[in-house]
Amino acid sequence: MKHRYKFLLGIVLSPIIALAFYIAFLWITYIDETIVSGEKYGFRVGASKEEVFQNVLLQQKEHLNLFLYINYGDRAGDYIEVQPNSISLQEVKNHKVWTLLYDGEGEYFNVLRLKFDHARLAMIYRHRKYFELP
């Protein structure tokens, strides 16, 4: 009789424990931070656009699915989404915000946003999550 209760208890507790571990994983791996001074993720606040673009190309060697997303207008379709090695610095130099999509084209759950002020990197914003809320 005791063994049957332990077995049933194990059946009931196993999904609860698995769910708790999954929630802990999501919480531990979640990143949402803004850097306005210093260096992080391979980029340095205050760096020129040329330096940043070179670092983007280096990031692409580590992250083969890396895409560069640049919004150039107010409308929904006003954006460029390309792999960094297929575009030149001259084509993106005039834009103030560059977003790196680490998981590939159209994937916005693992991104690094680089904001420029007067041709210098002013802010690094990192966001990563493995879930979507309704």
# chains A, B, ... in the order shown; residues from 1 in each chain; ligands from 1
$ select_by_dssp --residues "chain A" --states "strand (DSSP E)" --output "PyMOL selection string"
chain A and resi 31-35+39-40+43-44+67-71+79-82+97-101+110-117+120-128
$ residues_around --residues "Gln59 in chain A" --least-positions-apart "3" --cutoff "12 Å" --atoms "only C-alpha atoms" --output "mmCIF file with C-alpha atoms, in the first residue's frame"
data_model
loop_
_atom_site.group_PDB
_atom_site.id
_atom_site.type_symbol
_atom_site.label_atom_id
_atom_site.label_comp_id
_atom_site.auth_asym_id
_atom_site.auth_seq_id
_atom_site.Cartn_x
_atom_site.Cartn_y
_atom_site.Cartn_z
ATOM 1 C CA TYR A 41 28.468 42.229 -25.778
ATOM 2 C CA GLY A 42 31.497 43.115 -27.890
ATOM 3 C CA PHE A 43 30.567 46.795 -28.262
ATOM 4 C CA VAL A 52 30.716 49.172 -34.425
ATOM 5 C CA PHE A 53 30.189 47.901 -37.965
ATOM 6 C CA GLN A 54 33.444 45.937 -37.772
ATOM 7 C CA ASN A 55 32.272 44.420 -34.479
ATOM 8 C CA VAL A 56 28.943 43.499 -36.093
ATOM 9 C CA GLU A 62 29.996 33.591 -34.063
ATOM 10 C CA HIS A 63 26.282 33.801 -34.889
ATOM 11 C CA LEU A 64 25.765 32.451 -38.405
ATOM 12 C CA ASN A 65 22.045 33.383 -38.453
ATOM 13 C CA LEU A 66 22.751 37.009 -37.509
ATOM 14 C CA PHE A 67 20.687 39.598 -39.376
ATOM 15 C CA LEU A 68 20.922 43.375 -39.245
ATOM 16 C CA GLN A 83 22.990 39.702 -43.180
ATOM 17 C CA PRO A 84 25.730 42.163 -42.202
ATOM 18 C CA ASN A 85 28.309 40.840 -44.646
ATOM 19 C CA LEU A 100 21.040 42.690 -34.450
ATOM 20 C CA LEU A 101 18.702 39.711 -34.737
ATOM 21 C CA TYR A 102 20.718 36.777 -33.386
ATOM 22 C CA LEU A 112 20.846 43.642 -29.483
#
$ atom_distance --atom1 "CA of Glu107 in chain A" --atom2 "CA of Ala24 in chain A"
23.0 Å
$ select_by_dssp --residues "chain A" --states "helix (DSSP H, G or I)" --output "MDAnalysis selection string"
chainID A and resid 2:29 49:62 84:86 89:92
$ write_last_selection --atoms "C-alpha atoms" --output "PDB file, in the first residue's frame"
ATOM      1  CA  LYS A   2       2.815   2.421   0.885  1.00  0.00           C
ATOM      2  CA  HIS A   3       4.543   1.818  -2.414  1.00  0.00           C
ATOM      3  CA  ARG A   4       1.403   2.617  -4.363  1.00  0.00           C
ATOM      4  CA  TYR A   5       1.044   5.974  -2.589  1.00  0.00           C
ATOM      5  CA  LYS A   6       4.694   6.819  -3.274  1.00  0.00           C
ATOM      6  CA  PHE A   7       4.224   5.869  -6.912  1.00  0.00           C
ATOM      7  CA  LEU A   8       1.078   8.024  -7.230  1.00  0.00           C
ATOM      8  CA  LEU A   9       2.791  10.881  -5.415  1.00  0.00           C
ATOM      9  CA  GLY A  10       5.696  10.618  -7.868  1.00  0.00           C
ATOM     10  CA  ILE A  11       3.299  10.733 -10.824  1.00  0.00           C
ATOM     11  CA  VAL A  12       1.608  13.847  -9.442  1.00  0.00           C
ATOM     12  CA  LEU A  13       4.806  15.659  -8.409  1.00  0.00           C
ATOM     13  CA  SER A  14       6.863  14.929 -11.546  1.00  0.00           C
ATOM     14  CA  PRO A  15       4.993  17.347 -13.859  1.00  0.00           C
ATOM     15  CA  ILE A  16       4.954  20.006 -11.139  1.00  0.00           C
ATOM     16  CA  ILE A  17       8.724  19.703 -10.631  1.00  0.00           C
ATOM     17  CA  ALA A  18       9.345  19.729 -14.408  1.00  0.00           C
ATOM     18  CA  LEU A  19       7.214  22.873 -14.775  1.00  0.00           C
ATOM     19  CA  ALA A  20       9.085  24.534 -11.910  1.00  0.00           C
ATOM     20  CA  PHE A  21      12.441  23.776 -13.582  1.00  0.00           C
ATOM     21  CA  TYR A  22      11.173  25.130 -16.910  1.00  0.00           C
ATOM     22  CA  ILE A  23       9.970  28.375 -15.310  1.00  0.00           C
ATOM     23  CA  ALA A  24      13.315  28.705 -13.494  1.00  0.00           C
ATOM     24  CA  PHE A  25      15.159  28.226 -16.816  1.00  0.00           C
ATOM     25  CA  LEU A  26      13.068  30.947 -18.487  1.00  0.00           C
ATOM     26  CA  TRP A  27      13.679  33.331 -15.595  1.00  0.00           C
ATOM     27  CA  ILE A  28      17.443  32.677 -15.404  1.00  0.00           C
ATOM     28  CA  THR A  29      18.021  33.072 -19.165  1.00  0.00           C
ATOM     29  CA  LYS A  49      30.040  53.661 -36.472  1.00  0.00           C
ATOM     30  CA  GLU A  50      33.027  52.212 -38.336  1.00  0.00           C
ATOM     31  CA  GLU A  51      34.223  50.379 -35.208  1.00  0.00           C
ATOM     32  CA  VAL A  52      30.716  49.172 -34.425  1.00  0.00           C
ATOM     33  CA  PHE A  53      30.189  47.901 -37.965  1.00  0.00           C
ATOM     34  CA  GLN A  54      33.444  45.937 -37.772  1.00  0.00           C
ATOM     35  CA  ASN A  55      32.272  44.420 -34.479  1.00  0.00           C
ATOM     36  CA  VAL A  56      28.943  43.499 -36.093  1.00  0.00           C
ATOM     37  CA  LEU A  57      30.856  41.616 -38.782  1.00  0.00           C
ATOM     38  CA  LEU A  58      32.844  39.822 -36.067  1.00  0.00           C
ATOM     39  CA  GLN A  59      29.599  38.881 -34.315  1.00  0.00           C
ATOM     40  CA  GLN A  60      28.362  37.318 -37.535  1.00  0.00           C
ATOM     41  CA  LYS A  61      31.267  34.856 -37.426  1.00  0.00           C
ATOM     42  CA  GLU A  62      29.996  33.591 -34.063  1.00  0.00           C
ATOM     43  CA  PRO A  84      25.730  42.163 -42.202  1.00  0.00           C
ATOM     44  CA  ASN A  85      28.309  40.840 -44.646  1.00  0.00           C
ATOM     45  CA  SER A  86      25.957  41.524 -47.573  1.00  0.00           C
ATOM     46  CA  LEU A  89      28.824  50.561 -43.938  1.00  0.00           C
ATOM     47  CA  GLN A  90      27.876  53.324 -46.382  1.00  0.00           C
ATOM     48  CA  GLU A  91      24.369  51.870 -46.713  1.00  0.00           C
ATOM     49  CA  VAL A  92      23.688  51.873 -42.965  1.00  0.00           C
TER      50      VAL A  92
END
$ residues_around --residues "Gly73 in chain A" --least-positions-apart "3" --cutoff "12 Å" --atoms "only C-alpha atoms" --output "list of chain:residue names"
A:Ile70, A:Ala76, A:Gly77, A:Asp78, A:Tyr79, A:Ile80, A:His95, A:Lys96, A:Val97
$ write_last_selection --atoms "N, CA and C atoms" --output "mmCIF file, in the first residue's frame"
data_model
loop_
_atom_site.group_PDB
_atom_site.id
_atom_site.type_symbol
_atom_site.label_atom_id
_atom_site.label_comp_id
_atom_site.auth_asym_id
_atom_site.auth_seq_id
_atom_site.Cartn_x
_atom_site.Cartn_y
_atom_site.Cartn_z
ATOM 1 N N ILE A 70 17.320 47.403 -39.821
ATOM 2 C CA ILE A 70 17.363 48.866 -39.744
ATOM 3 C C ILE A 70 16.042 49.420 -40.238
ATOM 4 N N ALA A 76 5.152 50.596 -41.591
ATOM 5 C CA ALA A 76 5.469 49.228 -41.177
ATOM 6 C C ALA A 76 6.492 48.550 -42.082
ATOM 7 N N GLY A 77 6.482 48.797 -43.362
ATOM 8 C CA GLY A 77 7.399 48.132 -44.277
ATOM 9 C C GLY A 77 8.699 48.870 -44.529
ATOM 10 N N ASP A 78 8.936 49.949 -43.804
ATOM 11 C CA ASP A 78 10.136 50.765 -44.033
ATOM 12 C C ASP A 78 11.315 50.231 -43.224
ATOM 13 N N TYR A 79 11.874 49.110 -43.658
ATOM 14 C CA TYR A 79 13.027 48.561 -42.958
ATOM 15 C C TYR A 79 13.885 47.735 -43.909
ATOM 16 N N ILE A 80 15.119 47.557 -43.497
ATOM 17 C CA ILE A 80 16.070 46.696 -44.186
ATOM 18 C C ILE A 80 16.371 45.558 -43.217
ATOM 19 N N HIS A 95 21.839 55.804 -40.457
ATOM 20 C CA HIS A 95 20.736 55.399 -39.574
ATOM 21 C C HIS A 95 21.189 55.412 -38.121
ATOM 22 N N LYS A 96 20.302 55.846 -37.242
ATOM 23 C CA LYS A 96 20.641 56.028 -35.832
ATOM 24 C C LYS A 96 20.463 54.773 -34.982
ATOM 25 N N VAL A 97 19.687 53.806 -35.452
ATOM 26 C CA VAL A 97 19.441 52.598 -34.671
ATOM 27 C C VAL A 97 19.695 51.375 -35.546
#
$ closest_residue --among "A:Ala47, A:Ile87, A:Leu133, A:Ala122" --to "Thr34 in chain A" --atoms "only C-alpha atoms"
A:Ala122
$ decode --residues "range 10-131 of chain A" --atoms "C-alpha atoms" --output "short mmCIF file (atom, residue, chain, number, x, y, z; two decimals), in the first residue's frame"
data_model
loop_
_atom_site.label_atom_id
_atom_site.label_comp_id
_atom_site.auth_asym_id
_atom_site.auth_seq_id
_atom_site.Cartn_x
_atom_site.Cartn_y
_atom_site.Cartn_z
CA GLY A 10 5.70 10.62 -7.87
CA ILE A 11 3.30 10.73 -10.82
CA VAL A 12 1.61 13.85 -9.44
CA LEU A 13 4.81 15.66 -8.41
CA SER A 14 6.86 14.93 -11.55
CA PRO A 15 4.99 17.35 -13.86
CA ILE A 16 4.95 20.01 -11.14
CA ILE A 17 8.72 19.70 -10.63
CA ALA A 18 9.34 19.73 -14.41
CA LEU A 19 7.21 22.87 -14.78
CA ALA A 20 9.09 24.53 -11.91
CA PHE A 21 12.44 23.78 -13.58
CA TYR A 22 11.17 25.13 -16.91
CA ILE A 23 9.97 28.37 -15.31
CA ALA A 24 13.32 28.70 -13.49
CA PHE A 25 15.16 28.23 -16.82
CA LEU A 26 13.07 30.95 -18.49
CA TRP A 27 13.68 33.33 -15.59
CA ILE A 28 17.44 32.68 -15.40
CA THR A 29 18.02 33.07 -19.17
CA TYR A 30 15.90 36.24 -19.56
CA ILE A 31 17.94 39.37 -20.37
CA ASP A 32 16.61 42.91 -20.56
CA GLU A 33 19.27 45.51 -19.93
CA THR A 34 20.45 48.88 -21.18
CA ILE A 35 24.10 49.92 -21.18
CA VAL A 36 24.92 53.65 -21.50
CA SER A 37 28.57 53.57 -20.47
CA GLY A 38 31.35 51.06 -20.73
CA GLU A 39 31.58 47.96 -22.86
CA LYS A 40 29.45 44.85 -23.19
CA TYR A 41 28.47 42.23 -25.78
CA GLY A 42 31.50 43.12 -27.89
CA PHE A 43 30.57 46.79 -28.26
CA ARG A 44 31.84 49.91 -26.50
CA VAL A 45 29.71 52.98 -25.80
CA GLY A 46 31.40 55.93 -27.51
CA ALA A 47 32.75 53.86 -30.42
CA SER A 48 32.44 55.19 -33.97
CA LYS A 49 30.04 53.66 -36.47
CA GLU A 50 33.03 52.21 -38.34
CA GLU A 51 34.22 50.38 -35.21
CA VAL A 52 30.72 49.17 -34.42
CA PHE A 53 30.19 47.90 -37.96
CA GLN A 54 33.44 45.94 -37.77
CA ASN A 55 32.27 44.42 -34.48
CA VAL A 56 28.94 43.50 -36.09
CA LEU A 57 30.86 41.62 -38.78
CA LEU A 58 32.84 39.82 -36.07
CA GLN A 59 29.60 38.88 -34.32
CA GLN A 60 28.36 37.32 -37.53
CA LYS A 61 31.27 34.86 -37.43
CA GLU A 62 30.00 33.59 -34.06
CA HIS A 63 26.28 33.80 -34.89
CA LEU A 64 25.76 32.45 -38.41
CA ASN A 65 22.05 33.38 -38.45
CA LEU A 66 22.75 37.01 -37.51
CA PHE A 67 20.69 39.60 -39.38
CA LEU A 68 20.92 43.37 -39.24
CA TYR A 69 17.55 45.15 -38.97
CA ILE A 70 17.36 48.87 -39.74
CA ASN A 71 14.12 50.82 -39.70
CA TYR A 72 14.35 53.81 -42.04
CA GLY A 73 10.81 55.21 -41.94
CA ASP A 74 7.56 55.50 -40.02
CA ARG A 75 5.57 52.93 -41.98
CA ALA A 76 5.47 49.23 -41.18
CA GLY A 77 7.40 48.13 -44.28
CA ASP A 78 10.14 50.76 -44.03
CA TYR A 79 13.03 48.56 -42.96
CA ILE A 80 16.07 46.70 -44.19
CA GLU A 81 16.75 43.21 -42.88
CA VAL A 82 19.99 41.71 -44.23
CA GLN A 83 22.99 39.70 -43.18
CA PRO A 84 25.73 42.16 -42.20
CA ASN A 85 28.31 40.84 -44.65
CA SER A 86 25.96 41.52 -47.57
CA ILE A 87 25.72 45.27 -46.92
CA SER A 88 28.29 48.03 -46.68
CA LEU A 89 28.82 50.56 -43.94
CA GLN A 90 27.88 53.32 -46.38
CA GLU A 91 24.37 51.87 -46.71
CA VAL A 92 23.69 51.87 -42.96
CA LYS A 93 25.88 54.75 -41.81
CA ASN A 94 23.11 57.39 -41.80
CA HIS A 95 20.74 55.40 -39.57
CA LYS A 96 20.64 56.03 -35.83
CA VAL A 97 19.44 52.60 -34.67
CA TRP A 98 20.82 49.22 -35.71
CA THR A 99 19.28 46.04 -34.36
CA LEU A 100 21.04 42.69 -34.45
CA LEU A 101 18.70 39.71 -34.74
CA TYR A 102 20.72 36.78 -33.39
CA ASP A 103 18.25 34.03 -34.26
CA GLY A 104 17.76 34.99 -37.90
CA GLU A 105 15.50 37.01 -40.14
CA GLY A 106 12.22 38.02 -38.53
CA GLU A 107 13.18 36.61 -35.11
CA TYR A 108 12.83 39.28 -32.41
CA PHE A 109 13.24 37.32 -29.16
CA ASN A 110 17.05 37.53 -29.08
CA VAL A 111 18.21 41.01 -30.12
CA LEU A 112 20.85 43.64 -29.48
CA ARG A 113 19.85 47.23 -30.32
CA LEU A 114 22.59 49.78 -30.92
CA LYS A 115 21.63 53.48 -30.77
CA PHE A 116 23.90 56.21 -32.06
CA ASP A 117 24.15 59.89 -31.24
CA HIS A 118 26.31 62.08 -33.53
CA ALA A 119 27.98 59.04 -35.19
CA ARG A 120 29.01 57.55 -31.82
CA LEU A 121 27.46 54.58 -30.05
CA ALA A 122 25.35 56.01 -27.23
CA MET A 123 23.37 53.02 -25.97
CA ILE A 124 23.40 49.23 -26.09
CA TYR A 125 20.10 47.50 -25.38
CA ARG A 126 20.05 43.71 -24.96
CA HIS A 127 16.86 41.67 -24.92
CA ARG A 128 16.55 37.89 -24.92
CA LYS A 129 13.68 35.66 -23.94
CA TYR A 130 12.62 32.13 -24.78
CA PHE A 131 8.87 32.64 -24.37
#
